[in-house]
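Enquirer: Pasting a structure below so you can have a look.
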Amino acid sequence: MSQVQTLDISPVGRVEGDLDIRVDIKDGVVTSAWTQAELFRGFEIILKDKDPQAGLVVTPRACGICGASHLTCAAWALDTAWQTEVPRNAILARNLGQIVESLQSQPRYFYGLYAIDLTNKNYRKSKYYEEAVKRFSPFTGTSYEQGVTISGKPVEIYALLGGQWPHSSYMVPGGVMCAPTLTDITRAWSLLEYFKKNWLESLWLGCSLERYEQIKSYDDFMAWLDESPAHANSDLGFYWRMGQDIGLDTYGAGLGKYISWGYLPHEDKYQKPTIEGRNAAVIMKSGVYDGKTDTHKVMDQKFLRENTLHAWYDEGSADVHPFDRTTKPVQKNAIDHNGKYSWSTAVTHTDDGRLEAGPLARQLIAGGKHGESWQHYDPLILDMYKKMGGASVHLRQIGRMHETIKLYRQAERCLREFKLNDPWYIKPRERDGRGWGATEAIRGALCHWIEVKDGKIKNYQIIAPTTWNVGPRDGKSQLGPIEQALIGTPIADPSDPVEVGHVARSFDSCLVCTVHAHDAKTGKELARFRTA
């Protein structure tokens, strides 16, 4: 009988925070997995008893990559709590800031955090290996250099609005603290055009946006791939071919159930924001998708729960709504894989259990016929999901990068819709109350809850995309999305478990940069290697 080998991989990500993963491997396949979020920052505790607007300054510091998304949530949460009116220009300016921050993340993530694994020595037998090394090697790869360099261009537009990126606080209850000039708008157009011409069309797609936007199905995509050498040899075409060659389409499926809050409030439909009115007012619709049928439904925040049974909090074992939660961290956080082993909570939906968040989830929900007739609809990734037999590491990347074109178009729309002489801010009246702000950060579903009492923050809660995906087992012992996605992953070389990295990074988990592996039973280090 073959033995079970346990690997502790620490840390796994390449950005910030700390994610450790333990996997059991038997017969070359992962049979069990645990995701351990090793960093506690306590923003909910920091904000307690502060001025209600403190969240506008503090929460963008929760992430150096998604600060605009946190600021968006903080502003909308106070808008709903204070019952503000937000002028259309301000809604457009908020949307534009978040969009351009998301645009910068796309090439930075793909080249800097994900594609460099395609140069791993485990893939030397692939016919695409040498070309992958030329394109994707860190620092020296041709596509790596161009993609990472150009990723800074979109956030120059953010700086035109907020004065800086990251960590601007230009979004406030009642609007924004900026009034772009015609010169600013012209500059923003030129930056968008530069991004499109020098990366999005020329390097990533190998065609015009207009041609790519004609693709509506899996068959359309395959026809596009064969239509021109420029398409097949683009970074998208090359990644598609290599990903299938090395089997990235065969593992990493995960839970098979998906969540999106929806995002980009429409400038004419959400000027008097309420919690209840948001779903019918966002351009990119919210939803829950069960992964099996054609049934999609909108997502309501009242169905969300957190469970801390396996997390380092002293809050009992019940599923609790964030409005009713009080954050009580455990002081001595020993790792117990049968008990508490993570700082992340387990996020659940009362009807659907555990759900995967992220760009793939957004695109699967975009293919649903639910929601309002004017809201965005895009069937491509849902059709790919069905034709390819479900989710995988590979499809998660295709879904993520497919969204880039839609984000770009929405940035153009914001610039077209500005009316520079109209208001940008309407002063609100401060009051006590409860508020909720939600959006889709580039990594997935993000939301803030605030309760204001006696003019101060009584309770503030944040559930980030990584909370959904990195969460540990819940009160019913259901695995989290990444834990489930790791089950069945083939491990060719336990001393260099690059496949574990593929799965975790396909969720764009927001974590750090050096990986080493050891045998958990003997403590012997198996390998140590740089990943960035």
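Starting from 1 in every chain, residues are counted up; chains themselves are A, B, ... following the order of the structure tokens, and ligands are numbered from 1 as listed.
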Can you write out as CSV which residues of range 412-435 of chain A fall within 12 Å of range 323-332 of chain A, alongside each residue's closest atom pair and its distance in Å to one decimal, counting only C-alpha atoms and ordering rows by chain and ascending residue number?
Expert:
```
residue,atom,partner,partner_atom,distance
A:Gly433,CA,A:Phe323,CA,11.4
A:Arg434,CA,A:Phe323,CA,8.3
A:Gly435,CA,A:Phe323,CA,9.4
```
Enquirer: Might you pull out every residue within 10 Å of range 164-175 of chain A, with only C-alpha atoms counted and same-chain residues fewer than 4 positions away left off, and present them as a PyMOL selection string?
Expert: chain A and resi 53+55-68+70-94+97+101+152+155-160+271-272+423-430
Enquirer: Just C-alpha atoms for this one: save the residues we selected as an mmCIF file, in the first residue's frame.
Expert:
```cif
data_model
loop_
_atom_site.group_PDB
_atom_site.id
_atom_site.type_symbol
_atom_site.label_atom_id
_atom_site.label_comp_id
_atom_site.auth_asym_id
_atom_site.auth_seq_id
_atom_site.Cartn_x
_atom_site.Cartn_y
_atom_site.Cartn_z
ATOM 1 C CA GLN A 53 -15.330 58.303 7.591
ATOM 2 C CA GLY A 55 -12.936 53.677 6.724
ATOM 3 C CA LEU A 56 -12.248 55.857 3.684
ATOM 4 C CA VAL A 57 -8.661 56.269 4.847
ATOM 5 C CA VAL A 58 -7.991 52.984 6.622
ATOM 6 C CA THR A 59 -9.568 50.327 4.396
ATOM 7 C CA PRO A 60 -7.739 51.235 1.137
ATOM 8 C CA ARG A 61 -4.593 50.226 3.058
ATOM 9 C CA ALA A 62 -5.987 46.701 3.356
ATOM 10 C CA CYS A 63 -4.368 46.027 -0.018
ATOM 11 C CA GLY A 64 -1.690 47.717 -2.103
ATOM 12 C CA ILE A 65 -3.252 46.409 -5.311
ATOM 13 C CA CYS A 66 -7.022 46.705 -4.721
ATOM 14 C CA GLY A 67 -7.206 49.915 -2.678
ATOM 15 C CA ALA A 68 -9.729 51.490 -5.053
ATOM 16 C CA HIS A 70 -11.924 48.901 -0.791
ATOM 17 C CA LEU A 71 -12.452 52.644 -1.098
ATOM 18 C CA THR A 72 -15.432 51.999 -3.363
ATOM 19 C CA CYS A 73 -17.003 49.702 -0.764
ATOM 20 C CA ALA A 74 -16.278 52.094 2.106
ATOM 21 C CA ALA A 75 -17.876 55.010 0.262
ATOM 22 C CA TRP A 76 -20.993 53.095 -0.803
ATOM 23 C CA ALA A 77 -21.386 51.652 2.718
ATOM 24 C CA LEU A 78 -21.555 55.144 4.178
ATOM 25 C CA ASP A 79 -23.785 56.324 1.333
ATOM 26 C CA THR A 80 -26.365 53.679 2.238
ATOM 27 C CA ALA A 81 -25.995 54.306 5.985
ATOM 28 C CA TRP A 82 -26.337 58.093 5.602
ATOM 29 C CA GLN A 83 -28.963 57.922 2.826
ATOM 30 C CA THR A 84 -26.971 60.222 0.569
ATOM 31 C CA GLU A 85 -27.510 61.380 -2.972
ATOM 32 C CA VAL A 86 -24.602 60.717 -5.339
ATOM 33 C CA PRO A 87 -24.388 62.709 -8.605
ATOM 34 C CA ARG A 88 -23.871 60.825 -11.858
ATOM 35 C CA ASN A 89 -20.407 62.296 -12.456
ATOM 36 C CA ALA A 90 -19.286 60.931 -9.093
ATOM 37 C CA ILE A 91 -20.586 57.446 -9.880
ATOM 38 C CA LEU A 92 -18.671 57.503 -13.164
ATOM 39 C CA ALA A 93 -15.516 58.747 -11.442
ATOM 40 C CA ARG A 94 -15.735 56.018 -8.805
ATOM 41 C CA GLY A 97 -10.987 54.588 -10.651
ATOM 42 C CA GLU A 101 -6.931 49.781 -11.087
ATOM 43 C CA GLY A 152 1.515 50.983 -14.624
ATOM 44 C CA VAL A 155 -3.334 53.783 -12.800
ATOM 45 C CA GLU A 156 -1.944 57.050 -14.137
ATOM 46 C CA ILE A 157 -5.618 57.698 -14.901
ATOM 47 C CA TYR A 158 -6.437 56.917 -11.268
ATOM 48 C CA ALA A 159 -3.885 59.528 -10.206
ATOM 49 C CA LEU A 160 -5.665 62.106 -12.370
ATOM 50 C CA GLN A 271 -27.943 58.139 -7.362
ATOM 51 C CA LYS A 272 -29.939 57.517 -4.166
ATOM 52 C CA PRO A 423 -21.917 68.352 -9.872
ATOM 53 C CA TRP A 424 -19.346 65.915 -8.501
ATOM 54 C CA TYR A 425 -20.408 66.029 -4.849
ATOM 55 C CA ILE A 426 -23.566 66.580 -2.792
ATOM 56 C CA LYS A 427 -22.896 67.159 0.896
ATOM 57 C CA PRO A 428 -24.639 64.474 2.992
ATOM 58 C CA ARG A 429 -26.197 64.690 6.426
ATOM 59 C CA GLU A 430 -24.441 62.456 8.928
#
```
Enquirer: Quick one: everything within 8 Å of range 490-504 of chain A, counting only C-alpha atoms, minus sequence neighbours fewer than 5 positions away in the same chain. Send it as a VMD selection string.
Expert: chain A and resid 7 12 to 13 25 28 to 30 114 117 120 122 251 to 252 393 482 485 509 517 to 518 526 to 527
Enquirer: For the residues in the current selection, export N, CA and C atoms as a compact mmCIF listing (two decimals), in the first residue's frame.
Expert:
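Output (part16.txt):
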```txt
# COMPACT_ATOMS: atom_id res chain seq x y z
N LEU A 7 3.00 17.48 2.61
CA LEU A 7 3.86 18.63 2.31
C LEU A 7 3.26 19.89 2.92
N VAL A 12 2.79 30.49 -0.30
CA VAL A 12 2.49 30.06 -1.66
C VAL A 12 2.39 31.22 -2.64
N GLY A 13 1.83 32.32 -2.20
CA GLY A 13 1.57 33.43 -3.12
C GLY A 13 2.79 34.26 -3.44
N ILE A 25 -0.46 13.79 -0.15
CA ILE A 25 -0.30 13.24 -1.49
C ILE A 25 -0.22 11.72 -1.40
N GLY A 28 0.79 10.09 -6.12
CA GLY A 28 1.05 11.23 -7.00
C GLY A 28 -0.09 12.20 -7.16
N VAL A 29 -1.09 12.11 -6.27
CA VAL A 29 -2.28 12.97 -6.38
C VAL A 29 -2.60 13.54 -5.01
N VAL A 30 -3.02 14.79 -4.96
CA VAL A 30 -3.44 15.41 -3.70
C VAL A 30 -4.76 14.79 -3.25
N TYR A 114 1.67 34.61 -12.42
CA TYR A 114 1.16 33.32 -12.87
C TYR A 114 2.00 32.67 -13.96
N ASP A 117 5.38 30.46 -13.93
CA ASP A 117 5.40 29.04 -13.60
C ASP A 117 5.47 28.17 -14.86
N ASN A 120 8.80 26.59 -15.48
CA ASN A 120 9.31 25.61 -14.53
C ASN A 120 9.92 24.42 -15.25
N ASN A 122 9.75 21.42 -14.76
CA ASN A 122 8.86 20.26 -14.93
C ASN A 122 8.23 20.20 -16.31
N TYR A 251 -7.28 19.80 -14.12
CA TYR A 251 -7.39 19.80 -12.67
C TYR A 251 -7.65 21.21 -12.14
N GLY A 252 -7.98 21.27 -10.84
CA GLY A 252 -8.25 22.55 -10.21
C GLY A 252 -9.70 23.00 -10.30
N VAL A 393 -7.81 25.06 -13.72
CA VAL A 393 -6.78 26.10 -13.64
C VAL A 393 -6.77 26.90 -14.93
N ILE A 482 -10.30 26.89 -2.46
CA ILE A 482 -8.95 26.46 -2.87
C ILE A 482 -8.66 25.08 -2.33
N ALA A 485 -10.31 22.76 -4.65
CA ALA A 485 -9.67 22.77 -5.97
C ALA A 485 -8.36 21.99 -5.97
N SER A 509 -4.71 34.47 -5.30
CA SER A 509 -4.64 34.72 -3.86
C SER A 509 -3.56 35.75 -3.57
N ALA A 517 9.59 23.85 0.54
CA ALA A 517 8.73 22.72 0.88
C ALA A 517 9.48 21.78 1.80
N HIS A 518 8.76 21.17 2.74
CA HIS A 518 9.40 20.17 3.58
C HIS A 518 8.44 19.03 3.87
N LEU A 526 12.70 19.55 1.52
CA LEU A 526 12.80 18.87 0.23
C LEU A 526 13.38 19.78 -0.84
N ALA A 527 13.00 21.05 -0.79
CA ALA A 527 13.50 21.98 -1.81
C ALA A 527 13.28 23.39 -1.32
```
Enquirer: What is the distance between CA of Thr181 in chain A and CA of Glu412 in chain A, in Å to one decimal?
Expert: 16.3 Å
Enquirer: Would you mind listing what lies within 7 Å of range 342-354 of chain A as a PyMOL selection string, with only C-alpha atoms counted and same-chain residues fewer than 2 positions away left out?
Expert: chain A and resi 36-40+303-308+310-312+340+467-468+470-474+480
Enquirer: Go ahead and write the selection's residues with C-alpha atoms as a PDB file, in the first residue's frame.
Expert:
```
ATOM      1  CA  GLN A  36      -3.834  28.551   6.248  1.00  0.00           C
ATOM      2  CA  ALA A  37      -4.080  32.363   6.186  1.00  0.00           C
ATOM      3  CA  GLU A  38      -1.215  33.266   8.512  1.00  0.00           C
ATOM      4  CA  LEU A  39      -1.615  37.047   8.826  1.00  0.00           C
ATOM      5  CA  PHE A  40      -4.006  38.890  11.123  1.00  0.00           C
ATOM      6  CA  PHE A 303     -27.877  35.322   2.766  1.00  0.00           C
ATOM      7  CA  LEU A 304     -24.184  35.635   3.630  1.00  0.00           C
ATOM      8  CA  ARG A 305     -22.735  34.036   6.759  1.00  0.00           C
ATOM      9  CA  GLU A 306     -19.318  33.615   8.349  1.00  0.00           C
ATOM     10  CA  ASN A 307     -18.191  30.636  10.394  1.00  0.00           C
ATOM     11  CA  THR A 308     -15.166  30.678  12.708  1.00  0.00           C
ATOM     12  CA  HIS A 310     -11.770  26.441  12.208  1.00  0.00           C
ATOM     13  CA  ALA A 311     -10.475  30.028  12.384  1.00  0.00           C
ATOM     14  CA  TRP A 312      -8.490  31.711  15.153  1.00  0.00           C
ATOM     15  CA  LYS A 340      -8.422  26.032  14.267  1.00  0.00           C
ATOM     16  CA  THR A 467     -11.722  35.352   2.433  1.00  0.00           C
ATOM     17  CA  TRP A 468     -14.177  33.529   0.162  1.00  0.00           C
ATOM     18  CA  VAL A 470      -8.845  30.867   1.091  1.00  0.00           C
ATOM     19  CA  GLY A 471     -11.295  30.172   3.900  1.00  0.00           C
ATOM     20  CA  PRO A 472     -10.834  26.969   5.938  1.00  0.00           C
ATOM     21  CA  ARG A 473     -13.377  24.251   6.539  1.00  0.00           C
ATOM     22  CA  ASP A 474     -16.726  25.550   7.773  1.00  0.00           C
ATOM     23  CA  GLY A 480     -13.001  26.033   1.169  1.00  0.00           C
TER      24      GLY A 480
END
```
Enquirer: Looking at A:Ile46, A:Ala445, A:Ile365, A:Leu225, which one is nearest to Lys257 in chain A, with distances taken over only C-alpha atoms?
Expert: A:Ile365
Enquirer: So that I can check the surroundings of Val23 in chain A, please list as a list in words every protein, DNA and RNA residue that reaches within 7 Å of it, counting only C-alpha atoms and ignoring chain neighbours fewer than 5 positions away.
Expert: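 Counting only C-alpha atoms, the residues come to Thr6, Leu7, Asp8, Val30, Ser32, Ala33 and Trp34 of chain A.
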Enquirer: With only C-alpha atoms as the atoms that count, which of A:Ala115, A:Ile462, A:Ser151, A:Val288 lies nearest to Val133 in chain A?
Expert: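 Among the listed residues, A:Ala115 lies closest to Val133 in chain A.
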Enquirer: Going by DSSP on the backbone, which residues of range 129-251 of chain A come out as strand (DSSP E)? List them as a ChimeraX atom specification.
Expert: /A:171-172,175-176
